[in-house]
Every structure is written in C-alpha cells, then in structure tokens.
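coords-v1.cif (mmCIF, C-alpha atoms and all ligand atoms)
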```cif
data_coords
#
loop_
_atom_site.group_PDB
_atom_site.id
_atom_site.type_symbol
_atom_site.label_atom_id
_atom_site.label_comp_id
_atom_site.auth_asym_id
_atom_site.auth_seq_id
_atom_site.Cartn_x
_atom_site.Cartn_y
_atom_site.Cartn_z
ATOM 1 C CA MET A 1 77.741 -24.669 12.379
ATOM 2 C CA PRO A 2 80.192 -26.563 14.672
ATOM 3 C CA ALA A 3 79.835 -30.346 14.441
ATOM 4 C CA ILE A 4 78.864 -30.791 18.084
ATOM 5 C CA LYS A 5 75.919 -28.420 17.796
ATOM 6 C CA THR A 6 74.593 -30.106 14.669
ATOM 7 C CA SER A 7 74.622 -33.516 16.333
ATOM 8 C CA SER A 8 72.800 -32.261 19.424
ATOM 9 C CA ILE A 9 70.083 -30.717 17.235
ATOM 10 C CA LYS A 10 69.694 -34.030 15.416
ATOM 11 C CA LEU A 11 69.322 -35.878 18.718
ATOM 12 C CA LYS A 12 66.706 -33.429 19.961
ATOM 13 C CA SER A 13 64.600 -33.808 16.861
ATOM 14 C CA LYS A 14 64.583 -37.598 17.209
ATOM 15 C CA GLN A 15 63.899 -38.106 20.900
ATOM 16 C CA LEU A 16 61.250 -36.517 23.059
ATOM 17 C CA LEU A 17 63.195 -37.385 26.226
ATOM 18 C CA SER A 18 66.846 -37.707 25.344
ATOM 19 C CA PRO A 19 69.587 -39.702 27.040
ATOM 20 C CA GLY A 20 72.361 -37.716 28.709
ATOM 21 C CA HIS A 21 70.104 -36.633 31.569
ATOM 22 C CA ARG A 22 71.317 -37.095 35.144
ATOM 23 C CA ALA A 23 69.136 -39.914 36.410
ATOM 24 C CA CYS A 24 70.777 -43.038 37.839
ATOM 25 C CA ALA A 25 71.753 -45.746 35.359
ATOM 26 C CA GLY A 26 68.808 -48.116 35.101
ATOM 27 C CA CYS A 27 66.295 -45.642 36.629
ATOM 28 C CA GLY A 28 62.840 -47.189 36.215
ATOM 29 C CA GLN A 29 61.163 -43.778 36.210
ATOM 30 C CA LEU A 30 63.242 -42.442 33.312
ATOM 31 C CA ILE A 31 62.702 -45.608 31.277
ATOM 32 C CA ALA A 32 58.948 -45.276 31.860
ATOM 33 C CA ALA A 33 58.899 -41.511 31.196
ATOM 34 C CA ARG A 34 60.743 -41.911 27.903
ATOM 35 C CA THR A 35 58.245 -44.565 26.865
ATOM 36 C CA VAL A 36 55.371 -42.247 27.835
ATOM 37 C CA ALA A 37 56.899 -39.331 25.874
ATOM 38 C CA GLN A 38 57.421 -41.450 22.762
ATOM 39 C CA ALA A 39 53.842 -42.761 22.990
ATOM 40 C CA LEU A 40 52.440 -39.236 23.346
ATOM 41 C CA GLY A 41 54.408 -37.869 20.394
ATOM 42 C CA PRO A 42 55.363 -34.225 19.934
ATOM 43 C CA ASN A 43 51.821 -32.795 19.994
ATOM 44 C CA ALA A 44 51.588 -32.819 23.758
ATOM 45 C CA ILE A 45 52.430 -30.401 26.549
ATOM 46 C CA ILE A 46 53.655 -31.833 29.851
ATOM 47 C CA ALA A 47 53.343 -30.151 33.252
ATOM 48 C CA ASN A 48 55.794 -31.903 35.582
ATOM 49 C CA ALA A 49 55.690 -31.869 39.376
ATOM 50 C CA THR A 50 58.900 -31.446 41.366
ATOM 51 C CA GLY A 51 60.717 -34.708 41.964
ATOM 52 C CA CYS A 52 63.496 -36.903 40.557
ATOM 53 C CA LEU A 53 62.112 -36.799 37.017
ATOM 54 C CA GLU A 54 62.152 -33.000 36.922
ATOM 55 C CA VAL A 55 65.451 -32.587 38.773
ATOM 56 C CA THR A 56 67.390 -35.091 36.674
ATOM 57 C CA THR A 57 66.111 -33.970 33.273
ATOM 58 C CA THR A 58 66.260 -30.186 33.646
ATOM 59 C CA PRO A 59 69.305 -28.918 35.537
ATOM 60 C CA TYR A 60 69.238 -25.257 34.456
ATOM 61 C CA PRO A 61 70.035 -24.273 31.714
ATOM 62 C CA GLU A 62 69.872 -27.761 30.174
ATOM 63 C CA SER A 63 66.859 -29.860 29.277
ATOM 64 C CA ALA A 64 66.549 -33.448 28.079
ATOM 65 C CA TRP A 65 62.995 -32.778 26.850
ATOM 66 C CA GLY A 66 62.421 -32.459 23.124
ATOM 67 C CA MET A 67 58.778 -31.508 23.579
ATOM 68 C CA PRO A 68 56.888 -28.706 25.360
ATOM 69 C CA TRP A 69 57.459 -29.277 29.066
ATOM 70 C CA ILE A 70 56.957 -27.052 32.087
ATOM 71 C CA HIS A 71 58.059 -27.490 35.687
ATOM 72 C CA SER A 72 55.511 -26.560 38.309
ATOM 73 C CA LEU A 73 55.728 -26.775 42.085
ATOM 74 C CA PHE A 74 55.735 -30.105 43.895
ATOM 75 C CA GLU A 75 51.984 -29.984 44.504
ATOM 76 C CA ASN A 76 50.418 -28.192 41.534
ATOM 77 C CA ALA A 77 51.258 -29.934 38.235
ATOM 78 C CA SER A 78 47.564 -30.691 37.760
ATOM 79 C CA ALA A 79 46.516 -27.053 38.288
ATOM 80 C CA VAL A 80 49.193 -25.901 35.830
ATOM 81 C CA ALA A 81 47.872 -28.462 33.327
ATOM 82 C CA SER A 82 44.340 -27.065 33.823
ATOM 83 C CA GLY A 83 45.690 -23.598 33.004
ATOM 84 C CA ILE A 84 47.439 -24.866 29.879
ATOM 85 C CA LEU A 85 44.216 -26.540 28.744
ATOM 86 C CA ALA A 86 42.237 -23.322 29.321
ATOM 87 C CA ALA A 87 44.764 -21.377 27.225
ATOM 88 C CA LEU A 88 44.647 -23.975 24.421
ATOM 89 C CA LYS A 89 40.828 -23.850 24.454
ATOM 90 C CA LYS A 90 40.920 -20.074 24.106
ATOM 91 C CA GLN A 91 43.256 -20.490 21.122
ATOM 92 C CA GLY A 92 41.087 -23.254 19.618
ATOM 93 C CA LYS A 93 43.996 -25.724 19.826
ATOM 94 C CA ASP A 94 42.804 -28.072 22.568
ATOM 95 C CA LYS A 95 41.743 -30.805 20.119
ATOM 96 C CA GLN A 96 45.146 -30.979 18.411
ATOM 97 C CA ILE A 97 47.349 -30.874 21.499
ATOM 98 C CA LYS A 98 47.193 -33.317 24.424
ATOM 99 C CA VAL A 99 47.717 -31.855 27.891
ATOM 100 C CA VAL A 100 49.536 -34.122 30.338
ATOM 101 C CA ALA A 101 50.412 -33.683 34.002
ATOM 102 C CA GLN A 102 52.898 -36.010 35.653
ATOM 103 C CA GLY A 103 54.657 -36.526 38.942
ATOM 104 C CA GLY A 104 56.027 -38.991 41.427
ATOM 105 C CA ASP A 105 54.026 -40.903 44.026
ATOM 106 C CA GLY A 106 54.672 -38.228 46.665
ATOM 107 C CA GLY A 107 53.439 -35.520 44.316
ATOM 108 C CA THR A 108 50.426 -37.638 43.386
ATOM 109 C CA PHE A 109 49.256 -39.768 46.335
ATOM 110 C CA ASP A 110 50.005 -37.105 48.964
ATOM 111 C CA ILE A 111 50.998 -33.508 48.379
ATOM 112 C CA GLY A 112 49.413 -32.885 44.957
ATOM 113 C CA PHE A 113 46.331 -34.933 45.709
ATOM 114 C CA GLY A 114 43.889 -32.085 46.461
ATOM 115 C CA LEU A 115 44.581 -30.347 43.168
ATOM 116 C CA ILE A 116 44.465 -33.625 41.229
ATOM 117 C CA SER A 117 41.077 -34.355 42.780
ATOM 118 C CA GLY A 118 39.862 -30.902 41.693
ATOM 119 C CA MET A 119 41.117 -31.461 38.135
ATOM 120 C CA TRP A 120 39.283 -34.792 38.019
ATOM 121 C CA GLU A 121 36.121 -33.256 39.466
ATOM 122 C CA ARG A 122 36.126 -30.699 36.649
ATOM 123 C CA GLY A 123 36.272 -33.582 34.150
ATOM 124 C CA GLU A 124 39.052 -31.927 32.181
ATOM 125 C CA ASN A 125 40.605 -33.580 29.163
ATOM 126 C CA ILE A 126 43.999 -34.131 30.800
ATOM 127 C CA LEU A 127 46.066 -37.285 31.154
ATOM 128 C CA TYR A 128 47.765 -37.632 34.541
ATOM 129 C CA VAL A 129 50.730 -40.022 34.787
ATOM 130 C CA CYS A 130 52.123 -41.064 38.172
ATOM 131 C CA TYR A 131 55.597 -42.616 38.319
ATOM 132 C CA ASP A 132 55.326 -44.623 41.493
ATOM 133 C CA ASN A 133 58.737 -45.469 42.978
ATOM 134 C CA GLU A 134 57.086 -45.904 46.381
ATOM 135 C CA ALA A 135 58.799 -43.101 48.338
ATOM 136 C CA TYR A 136 59.975 -39.487 48.231
ATOM 137 C CA MET A 137 63.217 -40.439 46.459
ATOM 138 C CA ASN A 138 64.415 -37.022 45.373
ATOM 139 C CA THR A 139 64.785 -35.774 48.938
ATOM 140 C CA GLY A 140 66.331 -38.931 50.396
ATOM 141 C CA ILE A 141 63.896 -41.880 50.452
ATOM 142 C CA GLN A 142 61.224 -40.716 52.902
ATOM 143 C CA ALA A 143 58.039 -42.844 53.107
ATOM 144 C CA SER A 144 55.010 -41.660 51.107
ATOM 145 C CA GLY A 145 51.419 -42.860 50.937
ATOM 146 C CA ALA A 146 52.627 -45.246 48.225
ATOM 147 C CA THR A 147 55.269 -46.951 50.356
ATOM 148 C CA PRO A 148 54.444 -50.635 50.737
ATOM 149 C CA TRP A 149 54.097 -52.599 53.956
ATOM 150 C CA ALA A 150 57.407 -53.441 55.704
ATOM 151 C CA ALA A 151 59.618 -51.366 53.377
ATOM 152 C CA HIS A 152 62.634 -49.720 54.955
ATOM 153 C CA THR A 153 62.813 -45.976 54.204
ATOM 154 C CA THR A 154 64.668 -43.212 56.049
ATOM 155 C CA THR A 155 61.447 -42.308 57.912
ATOM 156 C CA THR A 156 60.388 -45.940 58.463
ATOM 157 C CA PRO A 157 63.752 -47.476 59.328
ATOM 158 C CA ALA A 158 63.815 -51.205 59.940
ATOM 159 C CA GLY A 159 65.626 -52.249 63.102
ATOM 160 C CA SER A 160 65.264 -54.021 66.410
ATOM 161 C CA HIS A 161 62.031 -52.133 67.154
ATOM 162 C CA SER A 162 60.517 -51.923 63.707
ATOM 163 C CA ILE A 163 59.839 -54.052 60.634
ATOM 164 C CA GLY A 164 59.857 -50.955 58.395
ATOM 165 C CA SER A 165 56.696 -49.216 57.185
ATOM 166 C CA GLN A 166 53.588 -50.256 59.052
ATOM 167 C CA GLN A 167 51.153 -48.588 56.681
ATOM 168 C CA ARG A 168 49.481 -50.299 53.771
ATOM 169 C CA LYS A 169 49.970 -48.657 50.413
ATOM 170 C CA LYS A 170 47.223 -46.150 49.605
ATOM 171 C CA ASP A 171 44.931 -47.426 46.836
ATOM 172 C CA MET A 172 45.185 -44.531 44.352
ATOM 173 C CA ILE A 173 43.583 -46.602 41.597
ATOM 174 C CA ALA A 174 40.414 -46.934 43.717
ATOM 175 C CA ILE A 175 40.575 -43.202 44.524
ATOM 176 C CA ALA A 176 40.857 -42.351 40.808
ATOM 177 C CA LEU A 177 37.923 -44.661 40.062
ATOM 178 C CA ALA A 178 35.880 -42.921 42.755
ATOM 179 C CA HIS A 179 36.162 -39.763 40.613
ATOM 180 C CA ASN A 180 34.393 -41.574 37.732
ATOM 181 C CA LEU A 181 37.278 -41.178 35.303
ATOM 182 C CA PRO A 182 36.668 -42.688 31.862
ATOM 183 C CA TYR A 183 40.128 -44.282 31.838
ATOM 184 C CA VAL A 184 42.261 -45.588 34.731
ATOM 185 C CA ALA A 185 45.209 -47.949 34.322
ATOM 186 C CA GLN A 186 48.067 -49.445 36.273
ATOM 187 C CA THR A 187 51.262 -50.798 34.760
ATOM 188 C CA THR A 188 54.970 -51.153 35.523
ATOM 189 C CA ALA A 189 58.318 -50.226 33.995
ATOM 190 C CA GLY A 190 58.732 -53.963 33.304
ATOM 191 C CA PHE A 191 56.236 -53.796 30.438
ATOM 192 C CA LEU A 192 57.139 -50.976 28.079
ATOM 193 C CA ALA A 193 54.791 -52.095 25.279
ATOM 194 C CA ASP A 194 51.950 -52.063 27.833
ATOM 195 C CA ILE A 195 52.877 -48.491 28.853
ATOM 196 C CA THR A 196 52.840 -47.441 25.189
ATOM 197 C CA ALA A 197 49.441 -49.040 24.542
ATOM 198 C CA LYS A 198 47.897 -47.526 27.678
ATOM 199 C CA VAL A 199 49.242 -44.031 27.023
ATOM 200 C CA LYS A 200 47.990 -44.095 23.428
ATOM 201 C CA LYS A 201 44.558 -45.253 24.588
ATOM 202 C CA ALA A 202 44.381 -42.714 27.418
ATOM 203 C CA ALA A 203 45.531 -39.847 25.178
ATOM 204 C CA ALA A 204 42.813 -40.675 22.633
ATOM 205 C CA ILE A 205 40.058 -40.574 25.247
ATOM 206 C CA GLU A 206 38.086 -37.328 25.711
ATOM 207 C CA GLY A 207 38.200 -36.580 29.404
ATOM 208 C CA PRO A 208 40.407 -37.205 32.409
ATOM 209 C CA ALA A 209 42.627 -40.276 32.484
ATOM 210 C CA TYR A 210 45.005 -41.664 35.091
ATOM 211 C CA ILE A 211 47.927 -44.025 34.533
ATOM 212 C CA GLN A 212 50.055 -45.248 37.426
ATOM 213 C CA ILE A 213 53.400 -46.829 36.588
ATOM 214 C CA LEU A 214 55.495 -48.739 39.141
ATOM 215 C CA SER A 215 59.005 -47.378 38.584
ATOM 216 C CA PRO A 216 61.781 -49.321 40.366
ATOM 217 C CA CYS A 217 64.351 -46.969 41.938
ATOM 218 C CA VAL A 218 68.006 -48.047 42.054
ATOM 219 C CA PRO A 219 69.147 -46.223 45.246
ATOM 220 C CA GLY A 220 65.738 -46.071 46.956
ATOM 221 C CA TRP A 221 65.041 -49.771 46.649
ATOM 222 C CA GLY A 222 68.714 -50.742 46.901
ATOM 223 C CA VAL A 223 68.826 -52.709 43.683
ATOM 224 C CA ASP A 224 71.252 -53.399 40.874
ATOM 225 C CA PRO A 225 70.721 -51.011 37.915
ATOM 226 C CA ALA A 226 70.453 -54.021 35.595
ATOM 227 C CA GLN A 227 67.490 -55.395 37.592
ATOM 228 C CA THR A 228 64.899 -52.606 37.308
ATOM 229 C CA ILE A 229 63.021 -53.999 34.304
ATOM 230 C CA LYS A 230 63.055 -57.495 35.794
ATOM 231 C CA LEU A 231 61.662 -56.149 39.080
ATOM 232 C CA GLY A 232 58.943 -54.284 37.194
ATOM 233 C CA LYS A 233 57.955 -57.597 35.626
ATOM 234 C CA LEU A 234 58.091 -59.554 38.888
ATOM 235 C CA ALA A 235 55.970 -56.944 40.694
ATOM 236 C CA ALA A 236 53.126 -57.700 38.289
ATOM 237 C CA GLN A 237 53.770 -61.429 37.928
ATOM 238 C CA THR A 238 53.641 -62.013 41.687
ATOM 239 C CA GLY A 239 50.280 -60.211 41.855
ATOM 240 C CA LEU A 240 51.619 -57.431 44.095
ATOM 241 C CA TYR A 241 51.368 -54.691 41.450
ATOM 242 C CA PRO A 242 49.021 -56.023 38.773
ATOM 243 C CA LEU A 243 48.592 -54.662 35.258
ATOM 244 C CA LEU A 244 45.033 -53.286 35.207
ATOM 245 C CA GLU A 245 42.867 -51.265 32.864
ATOM 246 C CA TYR A 246 39.474 -49.728 33.669
ATOM 247 C CA THR A 247 37.253 -48.165 31.019
ATOM 248 C CA ASN A 248 34.271 -46.174 32.274
ATOM 249 C CA GLY A 249 34.708 -47.717 35.717
ATOM 250 C CA GLN A 250 34.712 -51.316 34.465
ATOM 251 C CA LEU A 251 37.771 -53.554 34.747
ATOM 252 C CA THR A 252 38.315 -54.270 31.042
ATOM 253 C CA ASN A 253 41.813 -55.725 30.929
ATOM 254 C CA VAL A 254 44.248 -57.474 33.283
ATOM 255 C CA MET A 255 47.491 -59.361 32.764
ATOM 256 C CA LYS A 256 47.130 -62.838 34.228
ATOM 257 C CA VAL A 257 49.862 -64.012 36.587
ATOM 258 C CA PRO A 258 51.968 -66.893 35.241
ATOM 259 C CA SER A 259 51.369 -70.429 36.440
ATOM 260 C CA PRO A 260 52.948 -71.218 38.826
ATOM 261 C CA GLN A 261 52.575 -67.746 40.336
ATOM 262 C CA PRO A 262 56.041 -66.534 41.459
ATOM 263 C CA LYS A 263 56.252 -66.056 45.232
ATOM 264 C CA VAL A 264 56.681 -62.507 46.536
ATOM 265 C CA ASP A 265 60.065 -63.542 48.042
ATOM 266 C CA GLU A 266 61.436 -63.691 44.528
ATOM 267 C CA TYR A 267 60.488 -60.030 44.001
ATOM 268 C CA LEU A 268 61.507 -58.798 47.465
ATOM 269 C CA LYS A 269 64.768 -60.658 48.119
ATOM 270 C CA SER A 270 66.992 -58.592 45.787
ATOM 271 C CA GLN A 271 65.815 -55.269 47.277
ATOM 272 C CA ILE A 272 67.791 -53.847 50.198
ATOM 273 C CA ARG A 273 64.633 -52.069 51.455
ATOM 274 C CA PHE A 274 63.212 -55.530 52.313
ATOM 275 C CA LYS A 275 66.409 -57.355 53.329
ATOM 276 C CA HIS A 276 65.509 -57.291 57.055
ATOM 277 C CA LEU A 277 62.522 -59.543 56.315
ATOM 278 C CA PHE A 278 64.848 -62.392 55.351
ATOM 279 C CA LYS A 279 66.771 -62.347 58.622
ATOM 280 C CA SER A 280 64.325 -63.236 61.389
ATOM 281 C CA GLU A 281 61.254 -65.255 62.326
ATOM 282 C CA GLU A 282 59.324 -61.995 62.636
ATOM 283 C CA GLY A 283 60.397 -61.077 59.100
ATOM 284 C CA LYS A 284 59.158 -64.449 57.881
ATOM 285 C CA LYS A 285 55.690 -63.620 59.215
ATOM 286 C CA GLU A 286 55.753 -60.296 57.371
ATOM 287 C CA LEU A 287 56.701 -62.103 54.161
ATOM 288 C CA GLU A 288 53.667 -64.358 54.650
ATOM 289 C CA TYR A 289 51.513 -61.270 55.119
ATOM 290 C CA ILE A 290 52.898 -59.662 51.920
ATOM 291 C CA GLN A 291 52.213 -62.942 50.086
ATOM 292 C CA SER A 292 48.614 -62.753 51.329
ATOM 293 C CA LEU A 293 48.320 -59.224 49.851
ATOM 294 C CA ALA A 294 49.471 -60.553 46.461
ATOM 295 C CA ASP A 295 47.068 -63.501 46.695
ATOM 296 C CA GLU A 296 44.259 -61.092 47.619
ATOM 297 C CA ASN A 297 44.961 -59.156 44.392
ATOM 298 C CA VAL A 298 44.934 -62.344 42.334
ATOM 299 C CA LYS A 299 41.426 -63.081 43.648
ATOM 300 C CA LYS A 300 40.141 -59.500 43.554
ATOM 301 C CA TYR A 301 41.188 -58.788 39.943
ATOM 302 C CA GLY A 302 40.884 -62.335 38.564
ATOM 303 C CA LEU A 303 44.582 -62.560 37.722
HETATM 304 C C1 LIG B 1 55.822 -27.923 49.083
HETATM 305 C C2 LIG B 1 57.066 -28.713 48.964
HETATM 306 N N1 LIG B 1 57.362 -29.614 49.925
HETATM 307 C C3 LIG B 1 58.473 -30.345 49.824
HETATM 308 C C4 LIG B 1 59.318 -30.178 48.761
HETATM 309 C C5 LIG B 1 60.593 -30.982 48.705
HETATM 310 N N2 LIG B 1 60.539 -32.036 47.734
HETATM 311 C C6 LIG B 1 60.936 -31.869 46.462
HETATM 312 S S1 LIG B 1 60.867 -33.271 45.558
HETATM 313 C C7 LIG B 1 60.310 -34.146 46.892
HETATM 314 C C8 LIG B 1 60.069 -35.622 46.802
HETATM 315 C C9 LIG B 1 59.386 -36.069 45.558
HETATM 316 O O1 LIG B 1 58.877 -37.355 45.746
HETATM 317 P P1 LIG B 1 58.013 -38.029 44.640
HETATM 318 O O2 LIG B 1 56.877 -37.157 44.246
HETATM 319 O O3 LIG B 1 57.645 -39.398 45.068
HETATM 320 O O4 LIG B 1 59.004 -38.092 43.380
HETATM 321 P P2 LIG B 1 60.401 -38.923 43.254
HETATM 322 O O5 LIG B 1 61.486 -37.976 43.568
HETATM 323 O O6 LIG B 1 60.326 -40.083 44.175
HETATM 324 O O7 LIG B 1 60.431 -39.354 41.829
HETATM 325 C C10 LIG B 1 60.146 -33.330 48.021
HETATM 326 C C11 LIG B 1 59.712 -33.779 49.333
HETATM 327 C C12 LIG B 1 58.976 -29.229 47.768
HETATM 328 N N3 LIG B 1 59.733 -29.029 46.682
HETATM 329 N N4 LIG B 1 57.842 -28.511 47.893
HETATM 330 MG MG MG B 2 58.561 -41.191 44.576
#
```
Could you write out this file's structure as structure tokens?
Amino acid sequence: MPAIKTSSIKLKSKQLLSPGHRACAGCGQLIAARTVAQALGPNAIIANATGCLEVTTTPYPESAWGMPWIHSLFENASAVASGILAALKKQGKDKQIKVVAQGGDGGTFDIGFGLISGMWERGENILYVCYDNEAYMNTGIQASGATPWAAHTTTTPAGSHSIGSQQRKKDMIAIALAHNLPYVAQTTAGFLADITAKVKKAAAIEGPAYIQILSPCVPGWGVDPAQTIKLGKLAAQTGLYPLLEYTNGQLTNVMKVPSPQPKVDEYLKSQIRFKHLFKSEEGKKELEYIQSLADENVKKYGL
C-alpha cells in the first residue's frame, strides 16, 4: 500500500474528527466539535445540520469524520436522529449506540426549532449539541435568534442609525428546560474539560439531553484566531455566558465567576462585531446595559 494511504488510515483510526478540514484556523466550533466527538467515542452516530461544521468537514468526496456521521438539511437534524434511533431500536442496538444530533445556533434556535421541540416532546434518547457562534456564519454572518444585544452582523449593521442588533438573545436553555429534559447544560469552547465532562454525563443519561456550547467565530466575531479559547473563557468569567448544568430541571452545577468579576468590556473590546460600542457616548450606554445583563446572570444563577 502506498505510504500516504497508510498514514491517512492511521490518522482516521485515531481521531473521530481529524485535522485537515477546511474550517478557519482557531475556529471555536471545530475545537468544541472535536472535543464532543472524542468524549462520545466511536459508538455514536451523529446527524449534523447544515452549517459551517458540516460544510468545512465534508467537502465531497472528503470527510474529516472518523465516526458514523450523516448530513441532513439545515432544519431537520433532529428528525433524522429520531429516524436513526428508530432503526437502531428495530435492530436491538439502541442501548449500545448513542444517537446525537448537532447544529449551529441558526439551525437550533430558529430554523430547526420545531423539529427539535418535537424530538424533545417524544422524550427520545438523543443528545442534541448546539454550537452557538451567535449568527448564521456559513452564509455570511446574518443575525440569528442567538445574536447578542448590540452585535454588528450583516443584517444588523452598526452605523450612524443603529447600535447593531436590538434583540436580546433567545434563552434556549430556558426553552429546553420547558420541555422537561433530564439533562440541560451550557458551556463554552474556553473550557474543553467541561465540554468533555458534560458530554459524557449527557450521553450516559437515558432520555433527551441538550448541550449548548458558545463557539467563538474568527471571521464572524472579527477576532484573532489565537484568541478564541480566551474569549470562550472570558464569556463565562464575565457572567455573560455562564457554565450551567441542570439535572431533572434543577440547577445542579455552575462555575462561579472569579473575584473580581472581569468587566464585559474585557470580553467585548477585542471583537470587531462590538467595536462601535467603544467609539461613542451612546456605545458607552450600551456597554453599561450589557454589563447589567452579565450582572443579572450572576444573581440569577448564583455565580
Ligand atoms: C432551508 C434552508 N434555508 C437556508 C439555508 C442556507 N443556509 C445554510 S447554512 C446557513 C447558516 C447556518 O447557520 P448556523 O446554524 O448558525 O451555523 P454556522 O454556520 O453559524 O455554524 C444557512 C442560512 C439552507 N441550507 N436551507
Ligand atoms: Mg451560527
């Protein structure tokens, strides 16, 4: 066998999501997805919604996935996962193989939401992972239901008449909890060991589970590729995107913010999508408002 082929086979057998894919250097979503894949192990089947993760890892005829993985439409990863689970049940294999659906925030908060809600209603034993980079990145940074207050996107451009997005981020964690899921968690690409622990816990639970991972996006947020992990950490440490874990509807685990609590400015200032806030008196007021959202979280979740 030619040497090049042998080495690629070796690589495949070692990694469930291999490097050499086409995501941006430093992509928070790919770092998180690789961590998720490694935590799941090979006995899992992933249904993946359309979005950056799918596009960058599977340009036909190549695939970076070393585990069973199927691309669905943008909106129906959860329905495809339900079908996979039904087939595994029929074959008597549903206890040995974990079914996972995953997608971006657009595919989760907005366009795939109806089918996700149905999957949760049915109480199916499927783990859903949302990689939240806070906009429709794959199609050119359009705002989604996950886009935070005052962020510049191509559909919420900041300028003389606008401070960026004027919608508050949709609370998908609360929506998941409203479906009475046995396991709901939030984490960020700044805490890879936390992702691993949460995925292992969620995969071991019988029933539907939801994990939402803040995934800093290099072009969409306008950040340096070397900063994505740091931003994932700061998002949680400021209180804006806290690390949370709910078991049977009860908040069972949080990561406390450091003392002193870093100000949101520290998190926002290196991101081009928020740069307009640092240029005017009006922007200063918005920064105060964003700080109040972080402080609200600190109180609400006891951070
Ligand atoms: C029904 C439908 N509408 C729109 C699209 C175009 N589209 C493909 S990926 C995408 C954005 C994905 O955004 P998100 O789910 O947040 O994932 P990201 O790329 O940000 O990781 C859109 C709008 C599509 N493929 N199908
Ligand atoms: Mg997105």
Using all atoms listed in the file, what does the table of chain A residues within 7 Å of ligand LIG 1 (chain B) look like, with each row giving the shortest atom pair and its distance in Å to one decimal, sorted by chain and ascending number, as a tab-separated table?
```
residue	atom	partner	partner_atom	distance
A:Thr50	CA	B:LIG1	S1	5.0
A:Gly51	CA	B:LIG1	O5	3.7
A:Cys52	CA	B:LIG1	O5	3.8
A:Leu53	CA	B:LIG1	O7	5.7
A:Leu73	CA	B:LIG1	N4	6.4
A:Phe74	CA	B:LIG1	N4	4.8
A:Glu75	CA	B:LIG1	C1	6.3
A:Gly103	CA	B:LIG1	O2	5.8
A:Gly104	CA	B:LIG1	O2	3.5
A:Asp105	CA	B:LIG1	O3	4.1
A:Gly106	CA	B:LIG1	O2	3.4
A:Gly107	CA	B:LIG1	O2	3.8
A:Thr108	CA	B:LIG1	O2	6.5
A:Tyr131	CA	B:LIG1	O7	6.8
A:Asp132	CA	B:LIG1	O3	6.7
A:Asn133	CA	B:LIG1	O6	5.7
A:Glu134	CA	B:LIG1	O3	6.7
A:Ala135	CA	B:LIG1	O3	5.1
A:Tyr136	CA	B:LIG1	O1	3.5
A:Met137	CA	B:LIG1	O6	3.7
A:Asn138	CA	B:LIG1	O5	3.6
A:Thr139	CA	B:LIG1	C8	5.2
A:Ser144	CA	B:LIG1	O3	7.0
```
**Study point:** Shell around Ala236 in chain A at 10 Å using all atoms listed in the file, local window under 6 positions removed, as a list in words
**Key:** Gln186, Thr187, Thr188, Gly190, Phe191, Leu214, Pro242, Leu243, Leu244, Met255, Lys256, Val257, Pro258, Pro262, Tyr267, Ala294 and Leu303 of chain A
Check your understanding: Where does the PyMOL selection byres (((chain A and resi 88-96) around 12) and not hetatm) land in this file, that is, which residues does it pick, as a list in words?
Key ->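 That selection, the PyMOL selection byres (((chain A and resi 88-96) around 12) and not hetatm), comes back as Gly41, Pro42, Asn43, Ala44, Ile45, Ala81, Ser82, Gly83, Ile84, Leu85, Ala86, Ala87, Ile97, Lys98, Val99, Val100, Glu124, Asn125, Ile126, Ala203, Ala204, Ile205, Glu206 and Gly207 of chain A.
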Could you list the residues chosen by the PyMOL selection byres (((chain A and resi 17) around 9) and not hetatm) in this structure as a PDB file with C-alpha atoms, in the frame of the given file?
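The result, written out as part10.pdb:
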```pdb
ATOM      1  CA  LYS A  12      66.706 -33.429  19.961  1.00  0.00           C
ATOM      2  CA  GLN A  15      63.899 -38.106  20.900  1.00  0.00           C
ATOM      3  CA  LEU A  16      61.250 -36.517  23.059  1.00  0.00           C
ATOM      4  CA  SER A  18      66.846 -37.707  25.344  1.00  0.00           C
ATOM      5  CA  PRO A  19      69.587 -39.702  27.040  1.00  0.00           C
ATOM      6  CA  HIS A  21      70.104 -36.633  31.569  1.00  0.00           C
ATOM      7  CA  LEU A  30      63.242 -42.442  33.312  1.00  0.00           C
ATOM      8  CA  ALA A  33      58.899 -41.511  31.196  1.00  0.00           C
ATOM      9  CA  ARG A  34      60.743 -41.911  27.903  1.00  0.00           C
ATOM     10  CA  THR A  35      58.245 -44.565  26.865  1.00  0.00           C
ATOM     11  CA  ALA A  37      56.899 -39.331  25.874  1.00  0.00           C
ATOM     12  CA  GLN A  38      57.421 -41.450  22.762  1.00  0.00           C
ATOM     13  CA  THR A  57      66.111 -33.970  33.273  1.00  0.00           C
ATOM     14  CA  SER A  63      66.859 -29.860  29.277  1.00  0.00           C
ATOM     15  CA  ALA A  64      66.549 -33.448  28.079  1.00  0.00           C
ATOM     16  CA  TRP A  65      62.995 -32.778  26.850  1.00  0.00           C
ATOM     17  CA  GLY A  66      62.421 -32.459  23.124  1.00  0.00           C
ATOM     18  CA  MET A  67      58.778 -31.508  23.579  1.00  0.00           C
TER      19      MET A  67
END
```
Practice item. Evaluate the PyMOL selection byres (((chain A and resi 48) around 8) and not hetatm) and record the selected residues as a ChimeraX atom specification, following the chain and residue labels used in the document. Key: /A:46-47,49-50,54,69-72,77,101-103
With all atoms of range 59-77 of chain A from the file as input, state the centre and edge lengths in Å to one decimal of the axis-aligned box that has 4 Å extra on each side, as JSON.
```
{"center_x": 60.2, "center_y": -28.9, "center_z": 33.8, "size_x": 27.6, "size_y": 17.2, "size_z": 29.4}
```
Review point. What is the distance between CA of Gln212 in chain A and CA of Lys269 in chain A, in Å to one decimal?
Key: 23.8 Å
Exercise for review: Between A:Gln261, A:Thr155, A:Gln227, A:Gln237, single out the one closest to Gly28 in chain A, counting only C-alpha atoms.
Suggested key: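 Ranked by minimum distance to Gly28 in chain A, first place goes to A:Gln227.
Between CA of Val184 in chain A and CA of Val36 in chain A lies a distance of 15.2 Å.
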Point to revise | Of the listed residues A:Val223, A:Ala185, A:Val55, A:Ala39, that which approaches Cys130 in chain A most closely, counting only C-alpha atoms | key: A:Ala185
Exercise for review: Name the closest residue to ligand MG 2 (chain B) among the candidates A:Glu296, A:Glu62, A:Asp110, A:Glu121; distances are taken between atoms, counting only C-alpha atoms and all ligand atoms.
Suggested key: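 Counting only C-alpha atoms and all ligand atoms, the residue closest to ligand MG 2 (chain B) is A:Asp110.
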Study note, to complete from the structure: Between A:Ser162, A:Thr238, A:Ser117, A:Ser215, smallest distance to Leu181 in chain A by all atoms listed in the file belongs to A:Ser117
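Atom pair CA of Tyr246 in chain A / CA of Tyr289 in chain A: separated by 27.2 Å.
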Practice item. Measuring atom to atom with all atoms listed in the file, identify which of A:Gln271, A:Pro225, A:Lys285, A:Ala79 is nearest to Arg122 in chain A. Key: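 Of the candidates, the smallest distance to Arg122 in chain A is held by A:Ala79.
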Check your understanding: Could you pull the residues within 9 Å of Gln167 in chain A, counting all atoms listed in the file, minus those fewer than 4 positions along the same chain, as number ranges by chain?
Key -> A: 145, 147-150
